[in-house]
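Structure data (PDB, C-alpha atoms) from run-v9.pdb:
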ATOM      1  CA  MET A   1       9.898  28.503  -0.424
ATOM      2  CA  PHE A   2      11.573  25.166  -1.169
ATOM      3  CA  VAL A   3       9.473  22.236   0.097
ATOM      4  CA  THR A   4      10.246  18.521   0.125
ATOM      5  CA  GLY A   5       7.478  15.936  -0.068
ATOM      6  CA  LEU A   6       8.170  12.719   1.824
ATOM      7  CA  VAL A   7       5.965   9.714   1.093
ATOM      8  CA  LEU A   8       6.341   6.930   3.652
ATOM      9  CA  ALA A   9       5.989   3.584   1.852
ATOM     10  CA  ALA A  10       8.416   1.321   3.695
ATOM     11  CA  GLY A  11       5.865  -0.464   5.882
ATOM     12  CA  SER A  12       6.020  -4.227   6.132
ATOM     13  CA  SER A  13       2.225  -4.743   5.787
ATOM     14  CA  ARG A  14       2.227  -7.324   8.585
ATOM     15  CA  ARG A  15      -1.551  -7.255   9.034
ATOM     16  CA  LEU A  16      -2.210  -7.694   5.314
ATOM     17  CA  GLY A  17       0.343 -10.423   4.715
ATOM     18  CA  ARG A  18       1.402  -8.922   1.362
ATOM     19  CA  PRO A  19       2.890  -5.565   0.322
ATOM     20  CA  LYS A  20       0.087  -3.015   0.546
ATOM     21  CA  GLN A  21       2.095  -0.696  -1.700
ATOM     22  CA  LEU A  22       1.272  -3.077  -4.577
ATOM     23  CA  LEU A  23      -2.446  -3.584  -3.953
ATOM     24  CA  PRO A  24      -4.426  -2.965  -7.147
ATOM     25  CA  TYR A  25      -6.007   0.477  -7.175
ATOM     26  CA  ARG A  26      -7.382   2.645 -10.000
ATOM     27  CA  GLY A  27      -5.685   0.578 -12.696
ATOM     28  CA  ALA A  28      -2.269   0.681 -11.052
ATOM     29  CA  THR A  29      -1.133   0.245  -7.430
ATOM     30  CA  LEU A  30      -2.024   1.912  -4.164
ATOM     31  CA  LEU A  31       1.414   3.553  -4.023
ATOM     32  CA  ASP A  32       1.079   4.767  -7.633
ATOM     33  CA  ALA A  33      -2.112   6.595  -6.643
ATOM     34  CA  THR A  34      -0.463   8.270  -3.651
ATOM     35  CA  LEU A  35       2.574   9.270  -5.705
ATOM     36  CA  ALA A  36       0.289  10.750  -8.367
ATOM     37  CA  THR A  37      -1.221  12.949  -5.659
ATOM     38  CA  ALA A  38       2.241  13.875  -4.404
ATOM     39  CA  ARG A  39       3.379  14.819  -7.921
ATOM     40  CA  ALA A  40       0.289  17.010  -8.318
ATOM     41  CA  CYS A  41       1.471  18.961  -5.261
ATOM     42  CA  ARG A  42       4.515  20.089  -7.264
ATOM     43  CA  PHE A  43       7.051  19.712  -4.481
ATOM     44  CA  HIS A  44      10.544  20.968  -5.250
ATOM     45  CA  GLN A  45      11.822  17.549  -4.184
ATOM     46  CA  LEU A  46       9.901  14.290  -3.770
ATOM     47  CA  LEU A  47      11.267  11.459  -1.642
ATOM     48  CA  VAL A  48       9.668   8.046  -1.191
ATOM     49  CA  THR A  49      10.819   5.501   1.371
ATOM     50  CA  VAL A  50      10.628   1.815   0.483
ATOM     51  CA  PRO A  51      11.634  -1.350   2.380
ATOM     52  CA  GLY A  52      15.229  -2.510   2.175
ATOM     53  CA  SER A  53      14.346  -5.269  -0.301
ATOM     54  CA  ALA A  54      11.956  -3.431  -2.589
ATOM     55  CA  GLU A  55      12.606  -4.973  -5.995
ATOM     56  CA  ALA A  56       8.900  -5.659  -6.629
ATOM     57  CA  ILE A  57       7.954  -2.099  -5.710
ATOM     58  CA  GLU A  58      10.661  -0.649  -7.927
ATOM     59  CA  ASP A  59       9.604  -2.944 -10.784
ATOM     60  CA  LEU A  60       5.856  -2.297 -10.575
ATOM     61  CA  VAL A  61       5.448   1.280  -9.315
ATOM     62  CA  ASP A  62       6.136   4.383 -11.390
ATOM     63  CA  LEU A  63       8.825   6.102  -9.318
ATOM     64  CA  GLY A  64       9.584   8.739 -11.934
ATOM     65  CA  GLY A  65      10.456  12.100 -10.433
ATOM     66  CA  CYS A  66      11.089  10.549  -6.998
ATOM     67  CA  THR A  67      14.254   9.993  -5.042
ATOM     68  CA  VAL A  68      13.933   6.472  -3.638
ATOM     69  CA  VAL A  69      15.167   6.012  -0.071
ATOM     70  CA  HIS A  70      15.737   2.429   1.072
ATOM     71  CA  CYS A  71      14.845   1.769   4.684
ATOM     72  CA  PRO A  72      16.281  -1.609   5.719
ATOM     73  CA  ASP A  73      14.930  -1.288   9.263
ATOM     74  CA  ALA A  74      11.339  -0.319   8.436
ATOM     75  CA  GLY A  75      10.053  -2.809  11.006
ATOM     76  CA  GLY A  76      10.981  -0.295  13.698
ATOM     77  CA  GLY A  77       8.152   2.013  12.656
ATOM     78  CA  CYS A  78       7.715   5.157  10.633
ATOM     79  CA  SER A  79      10.392   6.991  12.649
ATOM     80  CA  ASN A  80      13.033   4.791  10.973
ATOM     81  CA  SER A  81      11.663   5.751   7.553
ATOM     82  CA  VAL A  82      11.810   9.429   8.434
ATOM     83  CA  LYS A  83      15.359   9.089   9.789
ATOM     84  CA  ALA A  84      16.466   7.240   6.641
ATOM     85  CA  ALA A  85      15.113  10.115   4.523
ATOM     86  CA  LEU A  86      16.583  13.009   6.525
ATOM     87  CA  PRO A  87      20.057  12.902   4.880
ATOM     88  CA  GLU A  88      18.402  13.029   1.437
ATOM     89  CA  ILE A  89      16.432  16.223   2.111
ATOM     90  CA  ASP A  90      17.739  19.110   0.051
ATOM     91  CA  PRO A  91      19.610  21.685   2.173
ATOM     92  CA  LEU A  92      17.375  24.373   0.671
ATOM     93  CA  ALA A  93      14.192  22.787   2.037
ATOM     94  CA  SER A  94      12.335  24.935   4.563
ATOM     95  CA  GLY A  95      10.378  21.882   5.620
ATOM     96  CA  ILE A  96       8.794  18.612   4.594
ATOM     97  CA  VAL A  97       5.244  17.517   3.975
ATOM     98  CA  LEU A  98       4.890  14.019   5.394
ATOM     99  CA  MET A  99       2.449  11.820   3.474
ATOM    100  CA  LEU A 100       1.441   8.194   3.976
ATOM    101  CA  GLY A 101       2.040   5.871   1.029
ATOM    102  CA  ASP A 102      -1.252   4.049   1.683
ATOM    103  CA  GLN A 103      -3.454   7.175   1.835
ATOM    104  CA  PRO A 104      -4.276   8.124  -1.769
ATOM    105  CA  GLY A 105      -7.297  10.288  -0.887
ATOM    106  CA  VAL A 106      -5.321  13.348   0.236
ATOM    107  CA  ARG A 107      -6.074  16.347  -1.973
ATOM    108  CA  PRO A 108      -3.327  18.605  -3.386
ATOM    109  CA  SER A 109      -5.344  21.612  -2.199
ATOM    110  CA  THR A 110      -4.949  20.322   1.371
ATOM    111  CA  VAL A 111      -1.179  20.125   0.912
ATOM    112  CA  ARG A 112      -1.068  23.657  -0.544
ATOM    113  CA  ALA A 113      -2.943  25.014   2.500
ATOM    114  CA  LEU A 114      -0.555  23.177   4.820
ATOM    115  CA  ILE A 115       2.497  24.640   3.046
ATOM    116  CA  GLU A 116       1.027  28.133   3.082
ATOM    117  CA  ARG A 117       0.723  28.017   6.880
ATOM    118  CA  GLY A 118       4.092  26.280   7.188
ATOM    119  CA  ARG A 119       5.808  29.347   5.744
ATOM    120  CA  LEU A 120       5.355  31.009   9.121
ATOM    121  CA  GLU A 121       5.262  28.133  11.593
ATOM    122  CA  THR A 122       7.193  25.028  12.657
ATOM    123  CA  ILE A 123       4.817  22.052  12.667
ATOM    124  CA  GLY A 124       1.258  21.541  11.588
ATOM    125  CA  LEU A 125      -1.397  18.965  10.854
ATOM    126  CA  CYS A 126      -4.733  18.659   9.117
ATOM    127  CA  ARG A 127      -7.931  18.885  11.122
ATOM    128  CA  TYR A 128     -10.682  16.895   9.450
ATOM    129  CA  ARG A 129     -14.303  16.618  10.543
ATOM    130  CA  ASP A 130     -13.496  13.426  12.494
ATOM    131  CA  GLY A 131     -10.090  14.357  13.926
ATOM    132  CA  GLU A 132      -6.440  15.155  13.269
ATOM    133  CA  GLY A 133      -4.569  13.522  10.439
ATOM    134  CA  HIS A 134      -1.971  13.562   7.676
ATOM    135  CA  PRO A 135      -0.401  15.122   5.804
ATOM    136  CA  LEU A 136       1.863  16.824   8.339
ATOM    137  CA  TRP A 137       4.118  19.873   8.006
ATOM    138  CA  LEU A 138       7.530  19.554   9.662
ATOM    139  CA  GLY A 139       9.719  22.633   9.443
ATOM    140  CA  ARG A 140      13.508  22.536   9.345
ATOM    141  CA  GLY A 141      13.570  23.611  12.987
ATOM    142  CA  VAL A 142      12.446  20.125  14.084
ATOM    143  CA  PHE A 143      14.689  18.034  11.817
ATOM    144  CA  GLY A 144      17.018  17.395  14.767
ATOM    145  CA  ASP A 145      14.051  16.199  16.832
ATOM    146  CA  LEU A 146      12.982  13.864  14.008
ATOM    147  CA  ALA A 147      16.428  12.258  13.993
ATOM    148  CA  ALA A 148      16.008  11.377  17.687
ATOM    149  CA  LEU A 149      12.556   9.746  17.480
ATOM    150  CA  TYR A 150      11.918   6.009  17.873
ATOM    151  CA  GLY A 151       9.007   3.715  17.116
ATOM    152  CA  ASP A 152       5.797   3.860  15.168
ATOM    153  CA  LYS A 153       3.653   7.021  15.380
ATOM    154  CA  ALA A 154       6.716   8.686  16.918
ATOM    155  CA  VAL A 155       6.350  11.829  14.815
ATOM    156  CA  TRP A 156       3.068  12.508  16.615
ATOM    157  CA  LYS A 157       5.013  12.915  19.872
ATOM    158  CA  LEU A 158       6.285  16.251  18.550
ATOM    159  CA  PHE A 159       2.696  17.475  18.423
ATOM    160  CA  ASP A 160       2.250  16.770  22.141
ATOM    161  CA  ARG A 161       5.209  18.862  23.266
ATOM    162  CA  ASP A 162       4.546  22.077  25.167
ATOM    163  CA  ASP A 163       7.569  23.880  23.736
ATOM    164  CA  ILE A 164       6.442  23.648  20.086
ATOM    165  CA  ASP A 165       3.482  25.595  18.735
ATOM    166  CA  VAL A 166       1.293  23.500  16.451
ATOM    167  CA  PHE A 167      -0.971  24.902  13.758
ATOM    168  CA  ASP A 168      -3.839  23.067  12.114
ATOM    169  CA  VAL A 169      -5.386  23.418   8.703
ATOM    170  CA  PRO A 170      -9.147  22.814   8.597
ATOM    171  CA  VAL A 171     -10.061  20.327   5.853
ATOM    172  CA  GLU A 172     -13.565  19.514   4.632
ATOM    173  CA  GLY A 173     -14.655  15.931   5.083
ATOM    174  CA  ARG A 174     -13.321  12.970   6.977
ATOM    175  CA  ILE A 175      -9.734  11.779   7.380
ATOM    176  CA  PRO A 176      -8.778  10.064   4.095
ATOM    177  CA  LEU A 177      -8.717   6.293   4.431
ATOM    178  CA  ASP A 178      -5.375   4.587   4.818
ATOM    179  CA  VAL A 179      -4.897   0.866   4.392
ATOM    180  CA  ASP A 180      -3.574  -1.389   7.146
ATOM    181  CA  THR A 181      -6.133  -4.219   6.963
ATOM    182  CA  TRP A 182      -8.188  -6.001   4.314
ATOM    183  CA  ASP A 183     -11.331  -4.328   5.674
ATOM    184  CA  GLU A 184      -9.757  -0.899   5.152
ATOM    185  CA  TYR A 185      -8.708  -1.847   1.628
ATOM    186  CA  ARG A 186     -12.255  -2.976   0.812
ATOM    187  CA  ALA A 187     -13.603   0.249   2.319
ATOM    188  CA  LEU A 188     -11.282   2.256   0.084
ATOM    189  CA  LEU A 189     -12.422   0.365  -3.007
ATOM    190  CA  ASP A 190     -16.074   0.819  -1.992
ATOM    191  CA  GLN A 191     -15.540   4.541  -1.450
ATOM    192  CA  ASP A 192     -13.983   4.814  -4.909
ATOM    193  CA  ARG A 193     -16.916   2.978  -6.503
ATOM    194  CA  ASP A 194     -19.408   5.220  -4.697
ATOM    195  CA  ALA A 195     -17.626   8.342  -5.898
ATOM    196  CA  SER A 196     -17.626   7.298  -9.570
TER
END
Please re-express this file's structure in C-alpha cells.
Amino acid sequence: MFVTGLVLAAGSSRRLGRPKQLLPYRGATLLDATLATARACRFHQLLVTVPGSAEAIEDLVDLGGCTVVHCPDAGGGCSNSVKAALPEIDPLASGIVLMLGDQPGVRPSTVRALIERGRLETIGLCRYRDGEGHPLWLGRGVFGDLAALYGDKAVWKLFDRDDIDVFDVPVEGRIPLDVDTWDEYRALLDQDRDAS
C-alpha cells in the first residue's frame, strides 16, 4: 500500500514570537527531529508544509527526501496547510499520515500500527493514556472533505461526523508533547534530559 507522510510545519508560531520549526533540539532543530522520525517511518512519499516565506527553514533544516510545499496562507490554520499539500499527494497514495512538525516524540511503531489499520478503514487516530492525538490516518476517501475544511483544528471535525467510521490505535504512554509556547518547549527539553 502506497502511503504519503504529511508533516505540517507551516505554523506562524505567534505565541512563541519566533519560528518554532528552528528551535534548537537534539543538536539540530525541532523540525529536523520530527522529519527524522518521519523518515524512519519509510513513507513512499514525504511532504512537509512550510510558510510562504521559509528561506530560514530551507537554509537550516535538512529537507532531504521531502517534497516541500509552500503555504502562503498558513495563518488560516492547519486546514490551509493540508489543502496546499493535497495537489502534491501521489495519485497512488491510499492515504496520508498527518504529523505535526513540532511533535518529535511520535514513534515510528505508532505510525506503522496506524497504517496497518488504515489499510481497511477511512480515518483513524491514536489513543494515548491521556486522550486522542496525532498522528492521524486520512484515507483517500476523505481527500475531498479535506479540501473543503477551514480553520485551525479543522481536520478534527471529520472525526466528529456520524457518517464516517473512526478507528483508534492504542498507544502506550501520554500524548507526545508538541510546542506552541515557551513552557511547552522547556517541558520538551526537560523530558529529553530525563530520558537520557
Subject >> Target residues per the PyMOL selection byres ((chain A and resi 91-106) around 7), formatted as a PyMOL selection string >> reply: chain A and resi 1-9+21+30-31+33-34+37+89-90+107-108+134-140+176-179
Original post:
Using only C-alpha atoms, can you list as number ranges by chain the residues within 12 Å of (-10.9, -4.0, 0.0)?
Top reply: A: 16, 20, 23-25, 30, 177-193
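The closest residue to Ala28 in chain A, picked from A:Leu86, A:Arg112, A:Asp162, A:Asp62 and counting only C-alpha atoms, is A:Asp62.
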Original post:
For Glu58 in chain A, which of A:Ile115, A:Ala36, A:Leu22, A:Ile164 is the closest residue, counting only C-alpha atoms?
Top reply: A:Leu22
Original post:
So which residues touch Asp145 in chain A within 12 Å, counting only C-alpha atoms, skipping near sequence neighbours fewer than 5 positions away, as a PyMOL selection string?
Top reply: chain A and resi 79+82-83+86+122-123+138-140+150+154-159+161+164
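Proximity ranking of A:Gly64, A:Pro51, A:Gly124, A:Gly11 relative to Asp165 in chain A places A:Gly124 first, based on all atoms listed in the file.
What separates CA of Leu125 in chain A from CA of Val166 in chain A is a distance of 7.7 Å.
We find CA of Glu116 in chain A and CA of Arg39 in chain A to be spaced 17.4 Å apart.
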Original post:
Between A:Ala113, A:Ala38, A:Val171, A:Val142, which is the closest to Asp130 in chain A once you count all atoms listed in the file?
Top reply: A:Val171
Original post:
At what distance in Å, to one decimal, does CA of Leu114 in chain A lie from CA of Val169 in chain A?
Top reply: 6.2 Å
Original post:
Which is closer to Phe167 in chain A than all the others in A:Ala148, A:Ala195, A:Val48, A:Cys126, using all atoms listed in the file?
Top reply: A:Cys126
**OP:** Give as JSON, numbers by chain the residues that the PyMOL selection byres ((chain A and resi 50) around 7) matches when applied to the coordinates above.
**Re:** {"A": [9, 10, 48, 49, 51, 52, 54, 69, 70, 71]}
Could you take the residues named above and write them with C-alpha atoms, as a PDB file, in the frame of the given file?
ATOM      1  CA  ALA A   9       5.989   3.584   1.852  1.00  0.00           C
ATOM      2  CA  ALA A  10       8.416   1.321   3.695  1.00  0.00           C
ATOM      3  CA  VAL A  48       9.668   8.046  -1.191  1.00  0.00           C
ATOM      4  CA  THR A  49      10.819   5.501   1.371  1.00  0.00           C
ATOM      5  CA  PRO A  51      11.634  -1.350   2.380  1.00  0.00           C
ATOM      6  CA  GLY A  52      15.229  -2.510   2.175  1.00  0.00           C
ATOM      7  CA  ALA A  54      11.956  -3.431  -2.589  1.00  0.00           C
ATOM      8  CA  VAL A  69      15.167   6.012  -0.071  1.00  0.00           C
ATOM      9  CA  HIS A  70      15.737   2.429   1.072  1.00  0.00           C
ATOM     10  CA  CYS A  71      14.845   1.769   4.684  1.00  0.00           C
TER      11      CYS A  71
END
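Selection by the PyMOL selection byres ((chain A and resi 128) around 8) on the present file picks out Cys126, Arg127, Arg129, Asp130, Gly131, Glu132, Gly133, Pro170, Val171, Glu172, Gly173, Arg174 and Ile175 of chain A.
Distance check against Gly144 in chain A using only C-alpha atoms: of A:Ser109, A:Gln45, A:Pro87, A:Thr29, the minimum falls on A:Pro87.
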